[in-house]
$ cat protein-v6.tsv   # TSV, C-alpha atoms
chain	number	residue	atom	x	y	z
A	11	MET	CA	-0.66	23.73	-1.28
A	12	LEU	CA	-2.43	20.71	-2.72
A	13	ARG	CA	0.48	18.39	-3.27
A	14	CYS	CA	2.44	17.27	-0.24
A	15	GLU	CA	5.79	17.94	-1.82
A	16	GLU	CA	4.85	21.60	-2.35
A	17	VAL	CA	3.85	22.46	1.23
A	18	HIS	CA	5.79	25.38	2.75
A	19	PHE	CA	4.94	26.20	6.37
A	20	THR	CA	6.11	29.83	6.54
A	21	PRO	CA	5.30	32.84	8.73
A	22	SER	CA	2.67	33.86	6.15
A	23	THR	CA	1.00	30.50	6.61
A	24	LEU	CA	0.96	31.00	10.37
A	25	GLY	CA	-0.50	34.45	9.80
A	26	ALA	CA	-3.29	32.92	7.75
A	27	ALA	CA	-4.05	30.51	10.56
A	28	ASN	CA	-4.25	33.33	13.06
A	29	ALA	CA	-6.42	35.39	10.73
A	30	ILE	CA	-8.92	32.56	10.35
A	31	ALA	CA	-8.90	31.87	14.07
A	32	SER	CA	-9.55	35.55	14.83
A	33	LEU	CA	-12.85	35.34	12.94
A	34	LEU	CA	-14.11	32.79	15.45
A	35	SER	CA	-15.27	33.41	18.97
A	36	PRO	CA	-12.11	33.85	21.11
A	37	GLN	CA	-13.50	31.51	23.79
A	38	SER	CA	-14.93	28.96	21.38
A	39	LEU	CA	-13.68	25.40	21.46
A	40	VAL	CA	-13.52	25.65	17.65
A	41	THR	CA	-11.04	28.54	17.95
A	42	GLN	CA	-8.79	26.70	20.36
A	43	THR	CA	-9.01	23.44	18.46
A	44	PHE	CA	-8.34	25.15	15.12
A	45	ILE	CA	-4.65	25.64	15.87
A	46	VAL	CA	-4.29	21.94	16.73
A	47	VAL	CA	-6.06	20.77	13.57
A	48	PHE	CA	-4.31	23.31	11.32
A	49	VAL	CA	-0.82	22.43	12.48
A	50	ALA	CA	-1.55	18.70	12.36
A	51	GLN	CA	-2.77	18.98	8.76
A	52	GLN	CA	0.34	20.93	7.75
A	53	ALA	CA	2.44	18.24	9.37
A	54	ARG	CA	0.91	15.60	7.11
A	55	VAL	CA	3.26	16.56	4.27
A	56	ALA	CA	5.25	13.47	5.24
A	57	LEU	CA	6.31	10.92	2.62
A	58	ILE	CA	7.15	7.30	3.48
A	59	ALA	CA	10.72	6.23	2.64
A	60	ARG	CA	12.99	3.38	3.56
A	61	LEU	CA	16.30	4.39	5.14
A	62	LEU	CA	17.42	5.37	8.65
A	63	VAL	CA	20.33	7.71	9.32
A	64	THR	CA	23.34	6.72	11.38
A	65	MET	CA	25.15	9.37	13.39
A	66	SER	CA	28.34	7.46	12.64
A	67	ALA	CA	28.09	8.83	9.08
A	68	SER	CA	29.83	11.96	10.38
A	69	LEU	CA	33.03	10.06	11.25
A	70	PRO	CA	35.97	9.88	8.79
A	71	GLY	CA	36.14	7.08	6.26
A	72	ASN	CA	34.53	6.25	2.92
A	73	ARG	CA	33.17	2.85	3.88
A	74	ASP	CA	29.66	3.09	5.30
A	75	LEU	CA	28.58	0.95	8.23
A	76	PRO	CA	25.42	-1.14	7.93
A	77	ALA	CA	22.55	1.14	8.90
A	78	SER	CA	21.41	-1.22	11.63
A	79	GLN	CA	21.54	-4.78	12.85
A	80	TYR	CA	17.76	-4.80	12.42
A	81	ASP	CA	15.65	-4.83	9.26
A	82	LEU	CA	14.92	-1.15	8.68
A	83	SER	CA	12.57	-1.86	5.79
A	84	THR	CA	10.00	-2.88	8.42
A	85	TYR	CA	8.37	-0.73	11.08
A	86	TRP	CA	9.31	-3.08	13.91
A	87	GLY	CA	12.90	-3.15	12.75
A	88	ARG	CA	12.96	0.65	13.04
A	89	VAL	CA	11.28	0.41	16.45
A	90	ARG	CA	14.08	-1.85	17.74
A	91	HIS	CA	16.71	0.46	16.24
A	92	SER	CA	15.00	3.51	17.77
A	93	ALA	CA	14.95	1.73	21.14
A	94	ASP	CA	18.73	1.48	20.85
A	95	LEU	CA	19.01	5.21	20.12
A	96	ALA	CA	16.76	5.98	23.10
A	97	ASP	CA	18.57	3.61	25.48
A	98	PRO	CA	19.43	5.77	28.54
A	99	ARG	CA	22.37	3.52	29.39
A	100	THR	CA	24.40	5.26	26.67
A	101	LEU	CA	24.23	8.45	28.75
A	102	VAL	CA	26.72	7.06	31.29
A	103	VAL	CA	29.39	6.30	28.69
A	104	SER	CA	32.55	8.26	29.54
A	105	LYS	CA	34.49	10.45	27.11
A	106	ALA	CA	37.11	7.70	26.90
A	107	GLY	CA	34.37	5.20	26.09
A	108	LEU	CA	32.99	7.48	23.38
A	109	ASP	CA	36.47	8.01	21.90
A	110	HIS	CA	37.05	4.26	21.87
A	111	ALA	CA	33.68	3.71	20.15
A	112	LYS	CA	34.55	6.37	17.55
A	113	GLN	CA	37.90	4.67	16.90
A	114	LEU	CA	36.22	1.30	16.35
A	115	VAL	CA	33.67	2.80	13.99
A	116	SER	CA	36.33	4.77	12.10
A	117	SER	CA	38.51	1.67	11.75
A	118	TYR	CA	35.63	-0.11	10.02
A	119	LYS	CA	34.87	2.88	7.79
A	120	GLN	CA	38.53	3.10	6.78
A	121	GLY	CA	38.69	-0.62	5.99
A	122	THR	CA	40.86	-1.70	8.93
A	123	SER	CA	38.14	-3.85	10.52
A	124	PRO	CA	36.86	-6.39	7.99
A	125	SER	CA	33.41	-7.07	9.37
A	126	MET	CA	30.86	-6.12	12.02
A	127	THR	CA	31.36	-7.70	15.45
A	128	PRO	CA	29.27	-7.47	18.67
A	129	GLU	CA	31.79	-4.95	20.02
A	130	LEU	CA	31.50	-2.87	16.85
A	131	TRP	CA	27.69	-2.95	16.98
A	132	GLN	CA	27.87	-1.66	20.57
A	133	ALA	CA	30.31	1.06	19.50
A	134	LYS	CA	27.98	2.08	16.70
A	135	LYS	CA	25.08	2.24	19.18
A	136	ILE	CA	27.06	4.60	21.43
A	137	VAL	CA	28.07	6.81	18.52
A	138	ASP	CA	24.59	6.88	16.98
A	139	SER	CA	22.96	7.86	20.28
A	140	THR	CA	25.53	10.53	21.13
A	141	LEU	CA	26.79	12.34	18.00
A	142	HIS	CA	24.88	14.63	15.65
A	143	PRO	CA	24.90	13.12	12.11
A	144	ASP	CA	25.75	16.42	10.40
A	145	THR	CA	28.37	17.91	12.75
A	146	GLY	CA	29.89	14.79	14.31
A	147	GLN	CA	29.84	16.56	17.70
A	148	PRO	CA	28.13	15.17	20.83
A	149	VAL	CA	24.60	16.49	21.34
A	150	PHE	CA	24.31	18.18	24.77
A	151	LEU	CA	23.36	15.34	27.13
A	152	PRO	CA	19.89	16.51	28.34
A	153	PHE	CA	18.78	17.05	24.74
A	154	ARG	CA	19.79	13.67	23.29
A	155	MET	CA	17.05	11.27	22.29
A	156	SER	CA	18.53	8.77	24.77
A	157	CYS	CA	17.72	11.30	27.53
A	158	PHE	CA	14.28	12.18	26.21
A	159	VAL	CA	12.34	10.05	28.71
A	160	ILE	CA	14.32	11.35	31.69
A	161	SER	CA	14.24	15.01	30.57
A	162	ASN	CA	10.50	14.93	29.97
A	163	LEU	CA	9.47	12.96	33.06
A	164	VAL	CA	9.33	15.81	35.57
A	165	VAL	CA	7.96	18.33	33.06
A	166	THR	CA	5.20	15.99	31.89
A	167	ALA	CA	4.26	15.12	35.47
A	168	GLY	CA	4.02	18.82	36.24
A	169	MET	CA	1.74	19.53	33.28
A	170	LEU	CA	-0.49	16.55	34.15
A	171	THR	CA	-0.88	17.53	37.81
A	172	PRO	CA	-4.65	17.63	38.54
A	173	ASN	CA	-6.29	20.99	39.34
A	174	LEU	CA	-3.32	23.19	38.45
A	175	SER	CA	-3.66	26.92	39.13
A	176	THR	CA	-3.30	29.46	36.33
A	177	THR	CA	0.23	30.23	37.49
A	178	GLY	CA	1.11	26.54	37.61
A	179	THR	CA	-0.31	25.96	34.13
A	180	LEU	CA	1.70	28.85	32.69
A	181	ALA	CA	4.91	27.83	34.47
A	182	TRP	CA	4.80	24.21	33.30
A	183	GLN	CA	3.85	25.12	29.72
A	184	ILE	CA	6.75	27.59	29.54
A	185	THR	CA	9.11	24.97	30.99
A	186	ASN	CA	7.91	22.36	28.50
A	187	GLN	CA	8.31	24.65	25.49
A	188	SER	CA	11.77	25.69	26.68
A	189	LEU	CA	12.78	22.04	26.70
A	190	ASN	CA	11.20	21.46	23.29
A	191	VAL	CA	13.09	24.38	21.75
A	192	ALA	CA	16.36	23.09	23.16
A	193	ILE	CA	15.75	19.57	21.80
A	194	ASN	CA	14.68	20.87	18.38
A	195	ALA	CA	17.70	23.17	18.08
A	196	SER	CA	20.14	20.47	19.21
A	197	ASN	CA	18.85	17.78	16.82
A	198	ALA	CA	17.91	19.81	13.75
A	199	ASN	CA	19.52	19.34	10.34
A	200	LYS	CA	22.72	21.40	10.58
A	201	SER	CA	23.21	21.97	6.86
A	202	THR	CA	20.98	25.04	7.38
A	203	PRO	CA	21.89	26.65	10.75
A	204	ILE	CA	19.17	28.31	12.87
A	205	SER	CA	19.77	31.99	13.62
A	206	THR	CA	19.46	33.30	17.18
A	207	SER	CA	16.69	35.74	16.20
A	208	THR	CA	14.68	32.92	14.61
A	209	MET	CA	15.16	30.78	17.68
A	210	VAL	CA	13.95	33.55	20.01
A	211	LYS	CA	10.91	34.36	17.86
A	212	SER	CA	10.02	30.68	17.57
A	213	TYR	CA	10.30	30.21	21.31
A	214	PHE	CA	7.94	33.03	22.23
A	215	LEU	CA	5.41	32.07	19.55
A	216	ALA	CA	5.40	28.45	20.75
A	217	VAL	CA	5.05	29.53	24.40
A	218	GLY	CA	2.18	31.82	23.42
A	219	ALA	CA	0.45	29.04	21.50
A	220	SER	CA	0.71	26.43	24.25
A	221	CYS	CA	-0.31	28.83	27.04
A	222	SER	CA	-3.24	30.17	25.01
A	223	VAL	CA	-4.58	26.70	24.27
A	224	ALA	CA	-4.08	25.50	27.86
A	225	LEU	CA	-5.65	28.54	29.53
A	226	GLY	CA	-8.41	28.81	26.91
A	227	LEU	CA	-9.51	25.21	27.31
A	228	ASN	CA	-9.16	25.35	31.09
A	229	ALA	CA	-11.58	28.28	31.11
A	230	LEU	CA	-13.92	26.69	28.57
A	231	VAL	CA	-14.37	23.14	29.89
A	232	PRO	CA	-16.11	24.13	33.16
A	233	ARG	CA	-18.65	26.18	31.13
A	234	LEU	CA	-19.83	23.20	29.10
A	235	LYS	CA	-23.13	22.82	30.94
A	236	ARG	CA	-24.41	19.84	28.94
A	237	LEU	CA	-21.53	17.61	30.08
A	238	SER	CA	-21.53	15.60	33.29
A	239	PRO	CA	-19.01	16.46	36.04
A	240	LYS	CA	-17.10	13.25	35.31
A	241	THR	CA	-16.80	14.09	31.60
A	242	LYS	CA	-15.64	17.61	32.44
A	243	MET	CA	-12.97	16.17	34.74
A	244	VAL	CA	-11.71	13.85	31.99
A	245	LEU	CA	-11.63	16.67	29.44
A	246	GLY	CA	-9.82	18.87	31.95
A	247	ARG	CA	-7.13	16.24	32.34
A	248	LEU	CA	-6.66	16.16	28.55
A	249	VAL	CA	-6.14	19.94	28.22
A	250	PRO	CA	-2.32	19.56	28.55
A	251	PHE	CA	-2.36	17.16	25.59
A	252	ALA	CA	-4.14	19.71	23.37
A	253	ALA	CA	-1.62	22.37	24.37
A	254	VAL	CA	1.43	20.13	23.93
A	255	ALA	CA	0.26	18.58	20.64
A	256	SER	CA	-0.44	21.93	18.98
A	257	ALA	CA	2.58	23.79	20.33
A	258	GLY	CA	4.91	20.82	19.83
A	259	ALA	CA	4.20	20.63	16.12
A	260	LEU	CA	4.25	24.42	15.81
A	261	ASN	CA	7.56	24.49	17.65
A	262	VAL	CA	9.23	22.25	15.08
A	263	PHE	CA	8.05	24.38	12.16
A	264	LEU	CA	9.09	27.62	13.83
A	265	MET	CA	12.50	26.38	14.97
A	266	ARG	CA	13.30	24.80	11.62
A	267	GLY	CA	11.65	27.32	9.34
A	268	GLU	CA	15.03	28.32	7.95
A	269	GLU	CA	15.42	24.83	6.55
A	270	ILE	CA	12.16	25.21	4.60
A	271	ARG	CA	13.09	28.68	3.36
A	272	LYS	CA	16.69	27.81	2.36
A	273	GLY	CA	16.52	24.05	1.80
A	274	ILE	CA	18.57	21.09	3.08
A	275	ASP	CA	21.25	18.97	1.44
A	276	VAL	CA	20.09	16.05	-0.70
A	277	PHE	CA	22.24	13.20	-1.99
A	278	PRO	CA	21.86	10.59	-4.74
A	279	PHE	CA	20.40	7.34	-3.43
A	280	GLU	CA	22.82	4.44	-3.79
A	281	SER	CA	22.30	0.71	-4.05
A	282	GLU	CA	24.62	-1.51	-2.04
A	283	VAL	CA	26.64	-2.32	-5.18
A	284	THR	CA	27.08	1.36	-6.10
A	285	LYS	CA	27.99	2.20	-2.53
A	286	GLN	CA	30.67	-0.49	-2.42
A	287	GLU	CA	32.15	0.69	-5.73
A	288	ARG	CA	32.34	4.28	-4.45
A	289	GLU	CA	33.91	3.17	-1.18
A	290	ALA	CA	36.47	1.08	-3.06
A	291	LYS	CA	37.55	4.21	-4.95
A	292	GLY	CA	37.83	6.17	-1.70
A	293	GLN	CA	35.20	8.69	-2.77
A	294	GLU	CA	32.73	10.47	-0.50
A	295	LEU	CA	29.05	10.94	-1.31
A	296	GLN	CA	28.62	14.51	-2.58
A	297	SER	CA	25.59	16.72	-2.01
A	298	LEU	CA	23.46	17.51	-5.08
A	299	GLY	CA	22.45	20.87	-3.59
A	300	LYS	CA	19.79	22.19	-1.22
A	301	SER	CA	16.10	21.42	-1.65
A	302	LYS	CA	13.24	23.37	-0.05
A	303	LYS	CA	10.76	20.60	-0.83
A	304	ALA	CA	12.96	18.03	0.90
A	305	ALA	CA	13.09	20.38	3.89
A	306	ALA	CA	9.28	20.62	3.95
A	307	ILE	CA	9.08	16.82	4.02
A	308	ALA	CA	11.74	16.53	6.73
A	309	VAL	CA	10.26	19.18	9.02
A	310	GLY	CA	6.69	18.02	8.43
A	311	GLU	CA	7.45	14.45	9.36
A	312	THR	CA	9.32	15.57	12.47
A	313	ALA	CA	6.35	17.72	13.56
A	314	LEU	CA	3.90	14.87	13.05
A	315	SER	CA	6.14	12.46	14.95
A	316	ARG	CA	6.11	14.89	17.90
A	317	VAL	CA	2.30	14.81	17.93
A	318	ILE	CA	2.33	11.01	17.70
A	319	ASN	CA	4.85	10.83	20.52
A	320	ALA	CA	2.83	13.19	22.75
A	321	THR	CA	-0.44	11.30	22.28
A	322	PRO	CA	0.16	8.20	24.46
A	323	ILE	CA	2.28	10.09	27.03
A	324	MET	CA	-0.25	12.88	27.53
A	325	VAL	CA	-3.44	10.82	27.15
A	326	ILE	CA	-2.92	7.38	28.75
A	327	PRO	CA	-1.51	8.42	32.18
A	328	PRO	CA	-4.21	11.02	33.02
A	329	LEU	CA	-7.04	8.71	31.97
A	330	VAL	CA	-5.62	5.80	33.96
A	331	LEU	CA	-5.03	8.06	36.96
A	332	VAL	CA	-8.66	9.26	36.84
A	333	ARG	CA	-9.75	5.65	36.98
A	334	LEU	CA	-7.35	4.78	39.81
A	335	GLN	CA	-8.42	7.79	41.87
A	336	GLN	CA	-11.91	6.33	41.95
A	337	THR	CA	-10.67	3.15	43.62
A	338	GLU	CA	-10.78	2.72	47.39
A	339	TRP	CA	-7.08	1.83	47.43
A	340	LEU	CA	-5.95	5.25	46.14
A	341	LYS	CA	-8.67	7.13	48.00
A	342	ARG	CA	-7.17	5.83	51.24
A	343	ARG	CA	-3.65	6.75	50.02
A	344	PRO	CA	-3.96	10.16	48.29
A	345	LYS	CA	-0.23	10.87	48.76
A	346	LEU	CA	0.52	8.02	46.34
A	347	ALA	CA	-1.16	9.87	43.46
A	348	LEU	CA	2.09	11.66	42.51
A	349	PRO	CA	4.38	8.58	42.45
A	350	VAL	CA	1.67	6.62	40.63
A	351	ASN	CA	1.41	9.43	38.07
A	352	LEU	CA	5.21	9.47	37.62
A	353	GLY	CA	5.24	5.68	37.18
A	354	LEU	CA	2.51	5.83	34.55
A	355	ILE	CA	4.30	8.59	32.64
A	356	LEU	CA	7.67	6.82	32.81
A	357	THR	CA	6.27	3.47	31.66
A	358	THR	CA	4.31	5.04	28.81
A	359	SER	CA	7.28	7.16	27.71
A	360	ILE	CA	9.66	4.20	27.55
A	361	PHE	CA	7.38	2.39	25.12
A	362	ALA	CA	6.05	5.42	23.22
A	363	LEU	CA	9.34	7.05	22.20
A	364	PRO	CA	10.70	4.21	19.99
A	365	LEU	CA	7.23	3.71	18.46
A	366	ALA	CA	7.04	7.40	17.52
A	367	LEU	CA	10.63	7.68	16.25
A	368	ALA	CA	10.09	4.67	13.99
A	369	VAL	CA	7.05	6.04	12.17
A	370	PHE	CA	9.21	7.94	9.68
A	371	PRO	CA	12.70	6.79	8.65
A	372	GLN	CA	15.47	9.13	9.79
A	373	ARG	CA	17.27	9.20	6.45
A	374	GLN	CA	14.69	9.59	3.71
A	375	ALA	CA	14.75	8.34	0.14
A	376	VAL	CA	12.29	9.99	-2.26
A	377	SER	CA	11.86	10.31	-6.01
A	378	ALA	CA	14.00	13.10	-7.46
A	379	ARG	CA	10.95	14.23	-9.44
A	380	SER	CA	9.09	14.97	-6.20
A	381	LEU	CA	11.65	17.74	-5.55
A	382	GLU	CA	12.68	20.82	-7.54
A	383	ASP	CA	13.39	20.61	-11.28
A	384	GLN	CA	17.14	20.88	-10.73
A	385	PHE	CA	17.20	17.40	-9.16
A	386	TRP	CA	15.07	15.56	-11.74
A	387	ASN	CA	17.99	14.21	-13.74
A	388	LYS	CA	20.38	13.80	-10.81
A	389	GLY	CA	18.72	10.97	-8.94
A	390	GLY	CA	20.68	7.88	-8.03
A	391	GLU	CA	19.33	4.32	-7.98
A	392	GLU	CA	15.82	4.21	-9.52
A	393	GLY	CA	15.82	8.02	-9.77
A	394	MET	CA	15.86	8.43	-5.98
A	395	VAL	CA	17.57	10.98	-3.75
A	396	GLU	CA	18.01	10.95	0.03
A	397	PHE	CA	18.38	13.41	2.91
A	398	ASN	CA	18.61	13.55	6.70
A	399	ARG	CA	15.21	14.24	8.26
A	400	GLY	CA	16.47	15.37	11.65
A	401	ILE	CA	14.75	14.46	14.90

$ encode --input "protein-v6.tsv" --output "structure tokens"
Amino acid sequence: MLRCEEVHFTPSTLGAANAIASLLSPQSLVTQTFIVVFVAQQARVALIARLLVTMSASLPGNRDLPASQYDLSTYWGRVRHSADLADPRTLVVSKAGLDHAKQLVSSYKQGTSPSMTPELWQAKKIVDSTLHPDTGQPVFLPFRMSCFVISNLVVTAGMLTPNLSTTGTLAWQITNQSLNVAINASNANKSTPISTSTMVKSYFLAVGASCSVALGLNALVPRLKRLSPKTKMVLGRLVPFAAVASAGALNVFLMRGEEIRKGIDVFPFESEVTKQEREAKGQELQSLGKSKKAAAIAVGETALSRVINATPIMVIPPLVLVRLQQTEWLKRRPKLALPVNLGLILTTSIFALPLALAVFPQRQAVSARSLEDQFWNKGGEEGMVEFNRGI
């Protein structure tokens, strides 16, 4: 468990976490915080690589499209590309529009279209934001990354509602985890399918984790006698973040545990020259086999990106709202607290999602020697292999 490429987050690991936590006081802040810290540390198995997947890779043709019109070797290039993937305007594209976009992309991949044009870039954007890269099928609309901001707006606003009752806290945490499970299942790497039993177990464990953290901290914060009332109020507003951050990361590991246990497909990394030569011969890139270590990297990075994504959305709006509620303007207009809260969450989400998605490249390239022995002599350019991280 010391080297990042050897981390396996399995049910036994979760059992160890629970065993350690059970030794602590059940109402201690250390106990509640332990789950957050433990999961976050497990998520740091991520390795930095330099490619980003395109969903258009699932369409027929041996000629690959350029990964993006932006420079994906830079963080800001990936941010701009991620903003395209998260653009909600792609949600209103009709089936005919999607079919036309797929035809344009396929014509390029099959060599009919000689070069990229503005229309082809737009078609690629539609395909990339709609289709799953492994199956080539449209992701169910509410669970696409382009719908992430809209799908999460109401749920996040509900969780961040001040002075929620116990019933309200439970209801919103269950709703949030239900949405998370659906998004994870819809966007996971499909080379290792998730069984229904695993999905159900993962769901209930994630719901239990988020509700336990939320209710535990809600009960604990008011008992912190050394803190001022203002500090207690601020900490109370941040309880949903602790619950979402811990359960969000845990959710990814639970839902995609099969990938870690069975492995995901890895492919030899190609230079542009090698790729062009293969395309000229009409050959497709073949999988080298399934790697458990690649799966650990992929799932770990996804879990950490969920925590990164939750941080600004669940921290900035409640803190700003606390400040605004102290102003005379909002005191005289208490009914505006809800629309103001929604506006803060929406604005933060629009900017936070691309920033979080861009932290780790979607299609990873790592050294073959960082994976199992069977891949050591099968690496492509510079001894590298690549795989789809999933979202």

$ atom_distance --input "protein-v6.tsv" --atom1 "CA of Ser175 in chain A" --atom2 "CA of Pro250 in chain A"
13.0 Å

$ atom_distance --input "protein-v6.tsv" --atom1 "CA of Ala195 in chain A" --atom2 "CA of Leu180 in chain A"
22.4 Å

$ closest_atom_pairs --input "protein-v6.tsv" --of "range 228-292 of chain A" --to "range 372-396 of chain A" --cutoff "6 Å" --atoms "all atoms listed in the file" --output "JSON lines"
{"residue": "A:Val276", "atom": "CA", "partner": "A:Glu396", "partner_atom": "CA", "distance": 5.6}
{"residue": "A:Phe277", "atom": "CA", "partner": "A:Glu396", "partner_atom": "CA", "distance": 5.2}
{"residue": "A:Pro278", "atom": "CA", "partner": "A:Val395", "partner_atom": "CA", "distance": 4.4}
{"residue": "A:Phe279", "atom": "CA", "partner": "A:Val395", "partner_atom": "CA", "distance": 4.6}
{"residue": "A:Glu280", "atom": "CA", "partner": "A:Glu391", "partner_atom": "CA", "distance": 5.5}

$ write_last_selection --input "protein-v6.tsv" --atoms "C-alpha atoms" --output "short mmCIF file (atom, residue, chain, number, x, y, z; two decimals), in the coordinates of the input"
data_model
loop_
_atom_site.label_atom_id
_atom_site.label_comp_id
_atom_site.auth_asym_id
_atom_site.auth_seq_id
_atom_site.Cartn_x
_atom_site.Cartn_y
_atom_site.Cartn_z
CA VAL A 276 20.09 16.05 -0.70
CA PHE A 277 22.24 13.20 -1.99
CA PRO A 278 21.86 10.59 -4.74
CA PHE A 279 20.40 7.34 -3.43
CA GLU A 280 22.82 4.44 -3.79
#

$ closest_residue --input "protein-v6.tsv" --among "A:Ala253, A:Leu245, A:Ala313, A:Ile326" --to "Gly267 in chain A" --atoms "all atoms listed in the file"
A:Ala313

$ closest_residue --input "protein-v6.tsv" --among "A:Arg333, A:Arg233, A:Lys303, A:Lys135" --to "Val103 in chain A" --atoms "only C-alpha atoms"
A:Lys135

$ residues_around --input "protein-v6.tsv" --residues "Val325 in chain A" --least-positions-apart "5" --cutoff "10 Å" --atoms "all atoms listed in the file" --output "PyMOL selection string"
chain A and resi 170+247-252+320+330+355+358

$ write_last_selection --input "protein-v6.tsv" --atoms "C-alpha atoms" --output "compact mmCIF listing (two decimals), in the frame of the given file"
# COMPACT_ATOMS: atom_id res chain seq x y z
CA LEU A 170 -0.49 16.55 34.15
CA ARG A 247 -7.13 16.24 32.34
CA LEU A 248 -6.66 16.16 28.55
CA VAL A 249 -6.14 19.94 28.22
CA PRO A 250 -2.32 19.56 28.55
CA PHE A 251 -2.36 17.16 25.59
CA ALA A 252 -4.14 19.71 23.37
CA ALA A 320 2.83 13.19 22.75
CA VAL A 330 -5.62 5.80 33.96
CA ILE A 355 4.30 8.59 32.64
CA THR A 358 4.31 5.04 28.81

$ residues_around --input "protein-v6.tsv" --residues "Gly258 in chain A" --least-positions-apart "2" --cutoff "8 Å" --atoms "only C-alpha atoms" --output "list in words"
Gln187, Asn190, Ala216, Val254, Ala255, Ser256, Leu260, Asn261, Val262, Ala313, Arg316 and Val317 of chain A

$ atom_distance --input "protein-v6.tsv" --atom1 "CA of Phe263 in chain A" --atom2 "CA of Gly310 in chain A"
7.5 Å

$ closest_residue --input "protein-v6.tsv" --among "A:Arg90, A:Ala167, A:Val159, A:Leu264" --to "Pro349 in chain A" --atoms "only C-alpha atoms"
A:Ala167

$ residues_around --input "protein-v6.tsv" --residues "Leu189 in chain A" --least-positions-apart "3" --cutoff "12 Å" --atoms "only C-alpha atoms" --output "ChimeraX atom specification"
/A:152-154,157-158,160-166,182-186,192-196,213,216-217,254,258,261

$ write_last_selection --input "protein-v6.tsv" --atoms "C-alpha atoms" --output "mmCIF file, keeping the file's coordinate frame"
data_model
loop_
_atom_site.group_PDB
_atom_site.id
_atom_site.type_symbol
_atom_site.label_atom_id
_atom_site.label_comp_id
_atom_site.auth_asym_id
_atom_site.auth_seq_id
_atom_site.Cartn_x
_atom_site.Cartn_y
_atom_site.Cartn_z
ATOM 1 C CA PRO A 152 19.890 16.510 28.340
ATOM 2 C CA PHE A 153 18.780 17.050 24.740
ATOM 3 C CA ARG A 154 19.790 13.670 23.290
ATOM 4 C CA CYS A 157 17.720 11.300 27.530
ATOM 5 C CA PHE A 158 14.280 12.180 26.210
ATOM 6 C CA ILE A 160 14.320 11.350 31.690
ATOM 7 C CA SER A 161 14.240 15.010 30.570
ATOM 8 C CA ASN A 162 10.500 14.930 29.970
ATOM 9 C CA LEU A 163 9.470 12.960 33.060
ATOM 10 C CA VAL A 164 9.330 15.810 35.570
ATOM 11 C CA VAL A 165 7.960 18.330 33.060
ATOM 12 C CA THR A 166 5.200 15.990 31.890
ATOM 13 C CA TRP A 182 4.800 24.210 33.300
ATOM 14 C CA GLN A 183 3.850 25.120 29.720
ATOM 15 C CA ILE A 184 6.750 27.590 29.540
ATOM 16 C CA THR A 185 9.110 24.970 30.990
ATOM 17 C CA ASN A 186 7.910 22.360 28.500
ATOM 18 C CA ALA A 192 16.360 23.090 23.160
ATOM 19 C CA ILE A 193 15.750 19.570 21.800
ATOM 20 C CA ASN A 194 14.680 20.870 18.380
ATOM 21 C CA ALA A 195 17.700 23.170 18.080
ATOM 22 C CA SER A 196 20.140 20.470 19.210
ATOM 23 C CA TYR A 213 10.300 30.210 21.310
ATOM 24 C CA ALA A 216 5.400 28.450 20.750
ATOM 25 C CA VAL A 217 5.050 29.530 24.400
ATOM 26 C CA VAL A 254 1.430 20.130 23.930
ATOM 27 C CA GLY A 258 4.910 20.820 19.830
ATOM 28 C CA ASN A 261 7.560 24.490 17.650
#

$ residues_around --input "protein-v6.tsv" --residues "Arg399 in chain A" --least-positions-apart "6" --cutoff "10 Å" --atoms "only C-alpha atoms" --output "PyMOL selection string"
chain A and resi 62-63+197-199+274+304-312+370-374

$ residues_around --input "protein-v6.tsv" --residues "range 71-86 of chain A" --least-positions-apart "2" --cutoff "6 Å" --atoms "only C-alpha atoms" --output "PDB file with C-alpha atoms, in the frame of the given file"
ATOM      1  CA  ARG A  60      12.990   3.380   3.560  1.00  0.00           C
ATOM      2  CA  ARG A  88      12.960   0.650  13.040  1.00  0.00           C
ATOM      3  CA  VAL A  89      11.280   0.410  16.450  1.00  0.00           C
ATOM      4  CA  LYS A 119      34.870   2.880   7.790  1.00  0.00           C
ATOM      5  CA  GLN A 120      38.530   3.100   6.780  1.00  0.00           C
ATOM      6  CA  GLU A 289      33.910   3.170  -1.180  1.00  0.00           C
ATOM      7  CA  GLY A 292      37.830   6.170  -1.700  1.00  0.00           C
ATOM      8  CA  GLU A 294      32.730  10.470  -0.500  1.00  0.00           C
TER       9      GLU A 294
END
